[in-house]
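Chemist: Contents of query02.cif (mmCIF, C-alpha atoms) are given next:
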```cif
data_upload
#
loop_
_atom_site.label_atom_id
_atom_site.label_comp_id
_atom_site.auth_asym_id
_atom_site.auth_seq_id
_atom_site.Cartn_x
_atom_site.Cartn_y
_atom_site.Cartn_z
CA MET A 1 -16.05 -64.97 62.55
CA ALA A 2 -13.38 -62.70 63.81
CA ASN A 3 -12.71 -61.69 60.28
CA HIS A 4 -16.19 -60.33 59.62
CA GLY A 5 -15.79 -57.42 61.95
CA LYS A 6 -12.33 -56.44 60.77
CA LYS A 7 -13.01 -56.66 57.03
CA ARG A 8 -14.38 -53.20 56.65
CA PHE A 9 -11.44 -51.42 58.23
CA SER A 10 -8.50 -53.11 56.57
CA ILE A 11 -6.42 -50.65 54.64
CA THR A 12 -5.03 -52.81 51.93
CA ALA A 13 -7.27 -54.99 49.85
CA ALA A 14 -8.02 -58.22 51.58
CA GLY A 15 -10.30 -60.73 50.00
CA ASP A 16 -12.85 -59.55 47.45
CA GLU A 17 -13.65 -56.10 48.78
CA PRO A 18 -11.29 -53.22 47.90
CA GLY A 19 -9.51 -51.47 50.78
CA VAL A 20 -10.16 -47.98 52.09
CA LEU A 21 -7.41 -46.31 50.09
CA SER A 22 -8.41 -47.69 46.75
CA ARG A 23 -12.06 -47.04 47.49
CA VAL A 24 -11.29 -43.45 48.28
CA SER A 25 -9.22 -43.07 45.18
CA GLN A 26 -11.98 -44.51 43.00
CA SER A 27 -14.75 -42.48 44.51
CA PRO A 28 -16.56 -40.03 42.27
CA ALA A 29 -15.29 -36.96 44.09
CA VAL A 30 -11.67 -37.81 43.53
CA ARG A 31 -12.29 -38.81 39.95
CA ARG A 32 -14.00 -35.53 39.19
CA THR A 33 -11.20 -33.60 40.81
CA LYS A 34 -8.62 -35.41 38.71
CA GLN A 35 -10.57 -34.71 35.54
CA ALA A 36 -10.89 -31.06 36.46
CA ALA A 37 -7.18 -30.82 37.14
CA SER A 38 -6.25 -32.30 33.79
CA ASP A 39 -8.71 -30.01 32.01
CA ALA A 40 -7.24 -27.04 33.79
CA ALA A 41 -3.76 -28.08 32.76
CA PHE A 42 -4.85 -28.46 29.15
CA VAL A 43 -6.51 -25.05 29.11
CA ALA A 44 -3.56 -23.42 30.81
CA LYS A 45 -1.19 -24.89 28.24
CA LYS A 46 -3.35 -23.66 25.39
CA LEU A 47 -3.65 -20.24 26.96
CA LEU A 48 0.07 -20.01 27.46
CA ARG A 49 0.72 -21.03 23.89
CA SER A 50 -1.76 -18.55 22.43
CA THR A 51 -0.50 -15.80 24.70
CA GLY A 52 2.97 -16.59 23.50
CA LYS A 53 1.86 -16.40 19.88
CA ALA A 54 0.04 -13.13 20.47
CA ALA A 55 3.04 -11.70 22.23
CA TRP A 56 5.30 -12.70 19.35
CA ILE A 57 3.02 -11.15 16.75
CA ALA A 58 2.55 -7.98 18.77
CA GLY A 59 6.26 -7.71 19.46
CA THR A 60 7.44 -8.12 15.90
CA THR A 61 4.74 -5.81 14.55
CA PHE A 62 5.72 -3.18 17.11
CA LEU A 63 9.34 -3.58 16.08
CA VAL A 64 8.61 -3.02 12.42
CA LEU A 65 5.97 -0.32 12.65
CA VAL A 66 6.74 1.72 15.74
CA VAL A 67 10.47 1.63 16.36
CA PRO A 68 11.55 3.35 13.10
CA LEU A 69 8.93 6.00 13.73
CA VAL A 70 10.23 6.73 17.19
CA VAL A 71 13.80 6.86 15.93
CA ALA A 72 12.89 9.19 13.06
CA MET A 73 10.90 11.55 15.23
CA ASP A 74 13.66 11.66 17.79
CA ARG A 75 16.20 12.61 15.14
CA GLU A 76 13.88 15.25 13.79
CA GLN A 77 13.53 16.74 17.22
CA GLN A 78 17.29 16.74 17.71
CA ILE A 79 17.80 18.56 14.43
CA ASN A 80 15.20 21.12 15.38
CA GLU A 81 16.82 21.71 18.72
CA LEU A 82 20.23 22.05 17.17
CA GLU A 83 18.90 24.52 14.66
CA SER A 84 17.17 26.64 17.22
CA HIS A 85 20.28 26.56 19.39
CA GLN A 86 22.43 27.69 16.50
CA ALA A 87 19.99 30.37 15.55
CA SER A 88 19.97 31.72 19.07
CA ILE A 89 23.77 31.71 19.23
CA LEU A 90 24.09 33.61 15.99
CA GLY A 91 21.88 36.28 17.41
CA THR A 92 18.75 35.87 15.41
CA PRO A 93 15.92 34.55 17.47
CA PRO A 94 14.38 31.38 16.04
CA PRO A 95 11.61 32.11 13.55
CA ALA A 96 8.87 30.88 15.84
CA LEU A 97 9.71 33.49 18.44
CA GLN A 98 10.29 36.43 16.16
CA LYS A 99 7.99 39.29 16.91
CA SER A 100 6.58 41.87 14.51
CA MET B 1 -22.06 49.63 -10.74
CA ALA B 2 -21.11 46.29 -12.20
CA GLN B 3 -22.56 43.25 -10.57
CA PRO B 4 -19.97 41.18 -8.72
CA ALA B 5 -18.84 38.39 -10.97
CA PRO B 6 -20.18 35.01 -10.09
CA THR B 7 -16.70 33.78 -9.27
CA ASP B 8 -17.43 34.03 -5.60
CA THR B 9 -14.72 32.44 -3.55
CA LYS B 10 -16.38 32.49 -0.16
CA LEU B 11 -16.23 29.02 1.19
CA ASP B 12 -19.61 28.06 2.46
CA GLU B 13 -21.66 30.37 0.39
CA LYS B 14 -22.83 29.81 -3.04
CA VAL B 15 -21.07 27.41 -5.29
CA ASP B 16 -20.24 28.73 -8.68
CA TYR B 17 -21.21 25.90 -10.92
CA PHE B 18 -19.60 27.41 -13.95
CA ASN B 19 -16.18 27.69 -12.55
CA LEU B 20 -15.37 24.33 -11.05
CA PRO B 21 -11.85 23.01 -10.98
CA CYS B 22 -10.78 20.24 -13.27
CA PRO B 23 -10.93 16.88 -11.55
CA ILE B 24 -7.98 14.56 -11.35
CA PRO B 25 -7.89 11.73 -13.85
CA PHE B 26 -10.04 8.70 -13.22
CA GLU B 27 -7.14 6.32 -12.93
CA GLU B 28 -5.47 8.48 -10.31
CA LEU B 29 -8.46 8.70 -8.00
CA HIS B 30 -6.78 6.70 -5.32
CA ARG B 31 -3.46 8.45 -5.75
CA GLU B 32 -3.03 9.73 -2.22
CA ALA B 33 -4.13 6.50 -0.64
CA MET B 34 -1.83 4.53 -2.90
CA MET B 35 1.12 6.67 -1.96
CA SER B 36 0.73 5.86 1.70
CA LEU B 37 -0.61 2.37 1.59
CA LYS B 38 1.28 0.84 -1.26
CA PRO B 39 4.92 1.73 -1.05
CA ASP B 40 7.34 0.00 -3.31
CA LEU B 41 8.21 -2.93 -1.04
CA PHE B 42 10.92 -5.27 -2.20
CA GLU B 43 13.06 -8.09 -0.92
CA GLY B 44 16.79 -8.27 -1.21
CA MET B 45 19.23 -5.62 -2.23
CA ARG B 46 18.46 -2.83 -4.62
CA PHE B 47 20.71 -0.22 -6.13
CA ASP B 48 19.53 2.55 -8.45
CA PHE B 49 21.69 5.03 -10.22
CA THR B 50 20.26 7.89 -12.24
CA LYS B 51 22.50 10.04 -14.32
CA MET B 52 21.20 13.18 -15.94
CA LEU B 53 23.00 13.72 -19.19
CA ASN B 54 21.04 16.79 -20.04
CA GLN B 55 18.19 18.70 -18.51
CA LYS B 56 15.79 16.52 -20.38
CA PHE B 57 17.47 13.18 -20.84
CA SER B 58 18.63 10.76 -18.19
CA LEU B 59 19.91 7.23 -18.02
CA ASN B 60 19.20 4.85 -15.26
CA HIS B 61 21.00 1.70 -14.07
CA SER B 62 19.46 -0.53 -11.52
CA VAL B 63 20.45 -3.80 -9.85
CA LEU B 64 18.13 -5.97 -7.83
CA MET B 65 19.31 -9.15 -6.15
CA GLY B 66 17.07 -11.16 -3.99
CA PRO B 67 14.58 -13.97 -3.79
CA THR B 68 11.55 -13.77 -6.00
CA GLU B 69 8.42 -15.73 -5.43
CA ILE B 70 7.15 -18.26 -7.85
CA PRO B 71 3.43 -18.76 -7.93
CA SER B 72 2.79 -22.23 -6.64
CA GLN B 73 -0.34 -24.27 -6.13
CA SER B 74 0.34 -25.27 -2.56
CA THR B 75 0.10 -22.90 0.36
CA GLU B 76 3.87 -22.72 0.76
CA THR B 77 5.67 -19.88 -0.89
CA ILE B 78 8.56 -20.93 -3.05
CA LYS B 79 11.31 -18.43 -3.52
CA ILE B 80 14.23 -18.59 -5.88
CA PRO B 81 17.15 -16.19 -5.61
CA THR B 82 17.50 -14.11 -8.72
CA ALA B 83 19.57 -11.16 -9.71
CA ASN B 84 18.89 -8.78 -12.50
CA TYR B 85 20.14 -5.58 -13.99
CA GLU B 86 17.89 -3.04 -15.56
CA PHE B 87 18.88 -0.27 -17.90
CA GLY B 88 16.61 2.57 -18.74
CA ALA B 89 16.40 5.91 -20.39
CA THR B 90 14.00 8.76 -19.77
CA PHE B 91 13.36 11.81 -21.89
CA ILE B 92 11.19 14.50 -20.38
CA ASP B 93 10.30 17.62 -22.25
CA HIS B 94 8.20 18.84 -19.44
CA PRO B 95 4.87 20.00 -20.60
CA ARG B 96 4.59 18.08 -23.78
CA LEU B 97 6.46 14.83 -24.10
CA LEU B 98 7.62 12.03 -21.87
CA LEU B 99 9.42 8.95 -23.13
CA TRP B 100 10.42 6.26 -20.73
CA GLY B 101 11.93 2.86 -21.33
CA ARG B 102 13.42 0.10 -19.26
CA ILE B 103 14.94 -3.22 -20.25
CA LEU B 104 15.86 -6.07 -17.93
CA THR B 105 18.36 -8.86 -18.27
CA ASP B 106 15.63 -11.44 -18.39
CA GLY B 107 14.40 -9.95 -21.61
CA ARG B 108 11.48 -7.83 -20.48
CA LEU B 109 11.04 -4.42 -21.99
CA ASN B 110 8.76 -1.73 -20.60
CA ALA B 111 8.06 1.48 -22.43
CA ARG B 112 5.80 4.45 -21.90
CA VAL B 113 5.01 7.42 -24.04
CA LYS B 114 3.00 10.43 -23.02
CA CYS B 115 2.48 13.21 -25.44
CA ASP B 116 0.29 16.32 -25.33
CA VAL B 117 -1.06 16.55 -28.80
CA SER B 118 -2.84 19.78 -28.06
CA GLU B 119 -3.69 21.69 -24.94
CA ASN B 120 -6.56 19.44 -24.03
CA LEU B 121 -5.81 16.18 -25.74
CA THR B 122 -3.17 13.80 -24.45
CA PHE B 123 -1.98 10.59 -25.97
CA LYS B 124 -0.45 7.90 -23.77
CA ALA B 125 0.85 4.50 -24.65
CA ASN B 126 2.42 1.82 -22.60
CA ALA B 127 3.82 -1.56 -23.54
CA GLN B 128 5.45 -4.48 -21.92
CA LEU B 129 7.17 -7.07 -24.04
CA THR B 130 8.51 -10.37 -22.77
CA ASN B 131 10.16 -13.43 -24.13
CA GLU B 132 7.34 -15.70 -23.16
CA PRO B 133 4.66 -16.00 -25.77
CA HIS B 134 1.30 -14.43 -25.13
CA MET B 135 2.52 -12.47 -22.16
CA SER B 136 3.24 -9.19 -23.87
CA HIS B 137 0.74 -6.43 -23.70
CA GLY B 138 0.30 -2.90 -24.73
CA MET B 139 -2.24 -0.19 -24.22
CA VAL B 140 -3.01 3.14 -25.78
CA ASN B 141 -4.99 5.92 -24.09
CA PHE B 142 -6.48 9.10 -25.40
CA ASP B 143 -7.35 11.68 -22.75
CA TYR B 144 -9.43 14.75 -23.32
CA LYS B 145 -9.55 17.37 -20.64
CA GLY B 146 -12.46 19.75 -20.63
CA LYS B 147 -13.15 22.69 -18.35
CA ASP B 148 -14.41 20.64 -15.47
CA TYR B 149 -14.42 17.12 -16.77
CA ARG B 150 -12.04 14.57 -18.18
CA THR B 151 -12.68 11.68 -20.47
CA GLN B 152 -10.43 8.85 -21.47
CA PHE B 153 -10.59 6.20 -24.11
CA GLN B 154 -8.40 3.10 -23.84
CA LEU B 155 -7.46 0.51 -26.36
CA GLY B 156 -5.34 -2.49 -25.46
CA ASN B 157 -4.25 -5.75 -26.92
CA GLY B 158 -6.46 -8.74 -26.40
CA ALA B 159 -9.26 -6.53 -27.72
CA LEU B 160 -9.48 -4.46 -24.58
CA LEU B 161 -11.60 -1.35 -24.92
CA GLY B 162 -12.36 1.06 -22.16
CA ALA B 163 -13.75 4.50 -21.62
CA SER B 164 -14.03 6.62 -18.52
CA TYR B 165 -15.48 9.97 -17.66
CA ILE B 166 -15.14 12.07 -14.54
CA GLN B 167 -16.86 15.34 -13.78
CA SER B 168 -16.53 17.88 -10.99
CA VAL B 169 -19.92 18.30 -9.42
CA THR B 170 -19.04 20.86 -6.80
CA ARG B 171 -15.75 22.35 -5.78
CA ASN B 172 -14.88 19.35 -3.70
CA LEU B 173 -16.85 16.48 -5.14
CA SER B 174 -16.25 14.73 -8.40
CA LEU B 175 -18.06 11.74 -9.78
CA GLY B 176 -17.10 9.46 -12.57
CA GLY B 177 -17.80 6.22 -14.33
CA GLU B 178 -16.06 3.77 -16.57
CA VAL B 179 -16.97 0.96 -18.91
CA PHE B 180 -14.72 -1.62 -20.45
CA TRP B 181 -14.84 -4.65 -22.54
CA ALA B 182 -12.21 -7.38 -22.79
CA GLY B 183 -12.57 -9.40 -25.90
CA GLN B 184 -10.17 -12.11 -24.99
CA HIS B 185 -11.94 -13.07 -21.81
CA ARG B 186 -15.35 -12.05 -23.10
CA LYS B 187 -15.96 -9.91 -20.08
CA SER B 188 -17.34 -6.46 -19.77
CA GLY B 189 -17.86 -4.26 -16.83
CA VAL B 190 -19.03 -0.99 -15.47
CA GLY B 191 -17.53 0.99 -12.65
CA TYR B 192 -18.43 4.10 -10.70
CA ALA B 193 -16.29 6.33 -8.61
CA ALA B 194 -16.64 9.32 -6.37
CA ARG B 195 -14.04 11.52 -4.83
CA TYR B 196 -14.51 14.19 -2.21
CA ASN B 197 -11.53 16.25 -1.28
CA THR B 198 -10.97 19.12 1.03
CA ASP B 199 -7.71 20.61 2.19
CA LYS B 200 -7.43 18.27 5.06
CA TRP B 201 -8.89 15.01 3.93
CA ILE B 202 -9.86 13.08 0.87
CA TYR B 203 -12.42 10.36 0.53
CA THR B 204 -12.74 8.20 -2.56
CA SER B 205 -14.83 5.22 -3.37
CA HIS B 206 -14.90 3.07 -6.42
CA GLY B 207 -17.18 0.18 -7.23
CA SER B 208 -16.99 -2.03 -10.22
CA ASN B 209 -18.67 -5.10 -11.44
CA ILE B 210 -16.65 -7.68 -13.34
CA SER B 211 -13.47 -5.82 -13.83
CA CYS B 212 -10.60 -7.26 -15.72
CA ALA B 213 -7.36 -5.69 -16.70
CA THR B 214 -7.10 -1.94 -16.66
CA CYS B 215 -3.50 -1.05 -17.01
CA ASN B 216 -2.64 1.68 -14.60
CA PRO B 217 0.47 3.22 -15.99
CA SER B 218 1.35 5.16 -12.91
CA GLY B 219 2.44 2.43 -10.56
CA GLY B 220 4.28 -0.76 -9.97
CA ILE B 221 7.16 -0.38 -12.37
CA ARG B 222 9.60 -2.03 -10.03
CA ASN B 223 8.02 -5.43 -10.44
CA GLY B 224 8.64 -5.33 -14.10
CA PHE B 225 5.04 -5.19 -15.16
CA SER B 226 2.81 -2.19 -15.25
CA HIS B 227 0.29 -2.42 -12.51
CA THR B 228 -2.86 -4.08 -13.75
CA GLN B 229 -5.77 -3.75 -11.45
CA VAL B 230 -7.07 -7.26 -11.85
CA ALA B 231 -9.93 -7.50 -9.50
CA SER B 232 -12.14 -10.49 -9.81
CA THR B 233 -15.80 -9.99 -10.17
CA GLY B 234 -17.48 -7.29 -8.20
CA MET B 235 -15.29 -5.10 -6.10
CA VAL B 236 -15.91 -2.03 -4.01
CA LEU B 237 -13.01 0.03 -2.82
CA ALA B 238 -13.24 2.95 -0.43
CA SER B 239 -10.35 4.96 0.88
CA TYR B 240 -9.89 7.88 3.20
CA VAL B 241 -6.78 9.96 3.62
CA GLN B 242 -6.41 12.55 6.35
CA LYS B 243 -3.62 15.02 6.37
CA VAL B 244 -3.00 15.42 10.06
CA SER B 245 -0.28 18.00 9.67
CA GLU B 246 1.97 19.00 6.84
CA LYS B 247 4.37 16.22 7.71
CA VAL B 248 2.00 13.44 8.62
CA SER B 249 -0.85 11.86 6.79
CA LEU B 250 -2.89 8.82 7.68
CA ALA B 251 -4.77 6.66 5.24
CA SER B 252 -7.19 3.82 5.44
CA GLU B 253 -8.75 1.65 2.83
CA LEU B 254 -11.48 -0.93 2.71
CA MET B 255 -11.83 -3.33 -0.16
CA CYS B 256 -14.81 -5.63 -0.40
CA ASN B 257 -15.17 -8.23 -3.04
CA TYR B 258 -18.81 -8.98 -2.74
CA LEU B 259 -18.86 -12.05 -4.88
CA SER B 260 -16.03 -13.93 -3.28
CA ARG B 261 -16.89 -12.46 0.15
CA ASP B 262 -13.41 -11.22 0.68
CA VAL B 263 -12.90 -8.07 2.69
CA THR B 264 -9.62 -6.39 3.43
CA ALA B 265 -9.08 -3.32 5.54
CA SER B 266 -5.79 -1.58 5.84
CA PHE B 267 -4.45 1.40 7.71
CA GLY B 268 -1.29 3.28 7.03
CA TYR B 269 0.72 6.30 7.96
CA ASP B 270 3.07 8.47 5.97
CA TYR B 271 5.54 10.69 7.77
CA ILE B 272 7.50 13.09 5.61
CA LEU B 273 10.25 14.47 7.78
CA ARG B 274 13.25 16.46 6.78
CA GLN B 275 15.76 13.68 6.59
CA CYS B 276 13.54 10.75 5.90
CA ARG B 277 10.20 9.54 4.70
CA LEU B 278 8.61 6.69 6.58
CA ARG B 279 5.53 4.80 5.49
CA GLY B 280 3.93 2.00 7.42
CA LYS B 281 0.81 -0.02 6.99
CA ILE B 282 -1.08 -2.81 8.67
CA ASP B 283 -3.62 -5.01 7.05
CA SER B 284 -6.49 -7.21 8.10
CA ASN B 285 -4.82 -10.14 6.36
CA GLY B 286 -2.27 -10.14 9.11
CA CYS B 287 0.33 -8.31 7.06
CA CYS B 288 2.30 -5.32 8.26
CA ALA B 289 4.90 -3.43 6.29
CA ALA B 290 7.17 -0.44 6.63
CA PHE B 291 9.22 1.49 4.12
CA LEU B 292 11.89 4.02 5.03
CA GLU B 293 13.75 6.35 2.68
CA GLU B 294 16.49 8.27 4.36
CA ARG B 295 18.47 11.03 2.83
CA LEU B 296 22.11 10.46 3.64
CA ASN B 297 23.49 13.21 1.49
CA MET B 298 22.48 15.29 -1.49
CA GLY B 299 21.21 12.88 -4.08
CA LEU B 300 21.95 9.81 -1.98
CA ASN B 301 19.05 7.95 -0.41
CA PHE B 302 19.10 4.85 1.67
CA ILE B 303 16.02 2.66 1.57
CA LEU B 304 14.82 -0.05 3.91
CA SER B 305 11.76 -2.15 3.38
CA ALA B 306 10.17 -4.71 5.69
CA GLU B 307 7.08 -6.79 5.27
CA LEU B 308 5.78 -9.34 7.77
CA ASP B 309 2.94 -11.61 6.79
CA HIS B 310 1.92 -13.37 9.98
CA LYS B 311 -0.72 -15.52 8.35
CA LYS B 312 1.52 -17.10 5.78
CA LYS B 313 4.61 -16.72 7.93
CA ASP B 314 6.45 -15.00 5.11
CA TYR B 315 8.92 -12.29 6.08
CA LYS B 316 10.60 -10.07 3.56
CA PHE B 317 13.29 -7.51 4.20
CA GLY B 318 15.20 -5.40 1.79
CA PHE B 319 17.74 -2.63 1.76
CA GLY B 320 19.08 -0.44 -0.96
CA LEU B 321 20.65 2.74 -2.12
CA THR B 322 19.40 5.27 -4.64
CA VAL B 323 21.88 7.59 -6.21
CA GLY B 324 20.97 10.57 -8.33
CA GLU B 325 18.11 12.94 -8.40
#
```
Show me, as structure tokens, the structure contained in the file I just sent.
Modeler:
Amino acid sequence: MANHGKKRFSITAAGDEPGVLSRVSQSPAVRRTKQAASDAAFVAKKLLRSTGKAAWIAGTTFLVLVVPLVVAMDREQQINELESHQASILGTPPPALQKS
Amino acid sequence: MAQPAPTDTKLDEKVDYFNLPCPIPFEELHREAMMSLKPDLFEGMRFDFTKMLNQKFSLNHSVLMGPTEIPSQSTETIKIPTANYEFGATFIDHPRLLLWGRILTDGRLNARVKCDVSENLTFKANAQLTNEPHMSHGMVNFDYKGKDYRTQFQLGNGALLGASYIQSVTRNLSLGGEVFWAGQHRKSGVGYAARYNTDKWIYTSHGSNISCATCNPSGGIRNGFSHTQVASTGMVLASYVQKVSEKVSLASELMCNYLSRDVTASFGYDYILRQCRLRGKIDSNGCCAAFLEERLNMGLNFILSAELDHKKKDYKFGFGLTVGE
């Protein structure tokens, strides 16, 4: 008799009915949240992996296609500057600035 | 007062249909696009030495060490390190005669002859002989150049017969066609081509239906076999080259194989600077490549080649030195 009233509020499982904690953890809301969290983790892992792959491909392609170009154009510019500097020292203005 | 001659050179005004320039040969239609998009990529170390004995005659020694791919059935690429030495001789008597030969240590011999029989008729022959049976081939071409057209007749082993004709239609546009028949594979085909060039850009397109082997003698010597354009059935190729400045040109090419539903697009650049020449290209098959030739000194060139194939995860890098003019 005294047990009837207390049965619903016991925390741990007593008798046949599950306790509050396990009922809460089996309720649909918590289950859905857990499923959503594991889905989110799965998607985040996939996204990270594919971002990593894309970054690798972009990085190596940039290294092969763009870096030699930048280096070559920089050297070309240096040579041009040196030439124009030399031309101006020797007294003849560089051909681009010659008038008449 | 004499009438002005119809050779009117004003650009947008009337086109003088009797005075059109001679078009470039049919097999070299894609020449500018090929120069940018298909540099001579290699893997390993390469050393080339050219010695001119005379103004007309030169000898050439070349060493190539590196992995070479073996065609394999599975998706993996199998590479075996090989090294070979190639010796060659070239005789050029500029306008009339060119003789060129190369022999490798694995027994392959390549030879080319080009001879101007008369002012308009040219005879070309090219042969590749190997140790393996049934892998040697040779081809003979007769080219006739008219005032504004060119025709070519080809005869190759394996009963290969081909003919092509290209005509300048206006000052910038030239159209051409080709037919060929391969007896060995019992295949025949027809192709059409168009080329439009201005000072700044060039557009070419070429469609063919069941093509087989047309030996293109102007490319691909490094691999040891003369470049055979073996497209499978039904191919359309369009290319566009734009000369952005006198140092830079950009090229793009689209190749559609409409029977095997295979489409490839590629873009490339070609920078010709004073000390170096840099070519790069990127493909829709996930392949990007770069080729750098740098002039270290008079007659001394340093070459670097890189090719990344992201789909097959195959990376090839090479370096080399070229000595001699």
Chemist: The PyMOL selection byres ((chain A) within 9 of (chain B)) - which residues does that actually catch in the file I just gave you? List them as a ChimeraX atom specification.
Modeler: /A:57,60-61,64-66,68-69,72-73,75-76
Chemist: Could you pull the residues within 8 Å of segment 235-238 of chain B, counting all atoms listed in the file, minus those fewer than 6 positions along the same chain, as number ranges by chain?
Modeler: B: 203-211, 253-259
Chemist: What is the distance, in Å and to one decimal place, between atom CA of Leu104 of chain B and atom CA of Phe87 of chain B?
Modeler: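 Calculated distance between atom CA of Leu104 of chain B and atom CA of Phe87 of chain B is 6.5 Å.
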Chemist: Apply the PyMOL selection byres ((chain B and resi 202) around 6) to the displayed file and report the matching residues as a ChimeraX atom specification.
Modeler: /B:196-197,201,203,240-241
Chemist: Do you have the atom CA of Pro23 of chain B-atom CA of Ser249 of chain B distance handy?
Modeler: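 Separation between atom CA of Pro23 of chain B and atom CA of Ser249 of chain B: 21.5 Å.
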Chemist: What does the PyMOL selection byres ((chain B and resi 166) around 7) select in this file, as a ChimeraX atom specification?
Modeler: /B:26,149-151,164-165,167-168,174-177
Chemist: List the neighbours of Asp48 of chain B out to 9 Å using all atoms listed in the file; skip same-chain residues closer than 6 positions along the sequence, and give me the result as a ChimeraX atom specification.
Modeler: /B:60-64,320-324
Chemist: Would you mind reading off the distance between atom CA of Glu43 of chain B and atom CA of Glu76 of chain B, one decimal, in Å?
Modeler: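 Result for atom CA of Glu43 of chain B versus atom CA of Glu76 of chain B: 17.4 Å, one decimal.
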Chemist: From the list B:Gln73, B:Met65, B:Ala194, B:Lys38, which residue is nearest Asp283 of chain B when using all atoms listed in the file?
Modeler: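 Nearest to Asp283 of chain B: B:Lys38.
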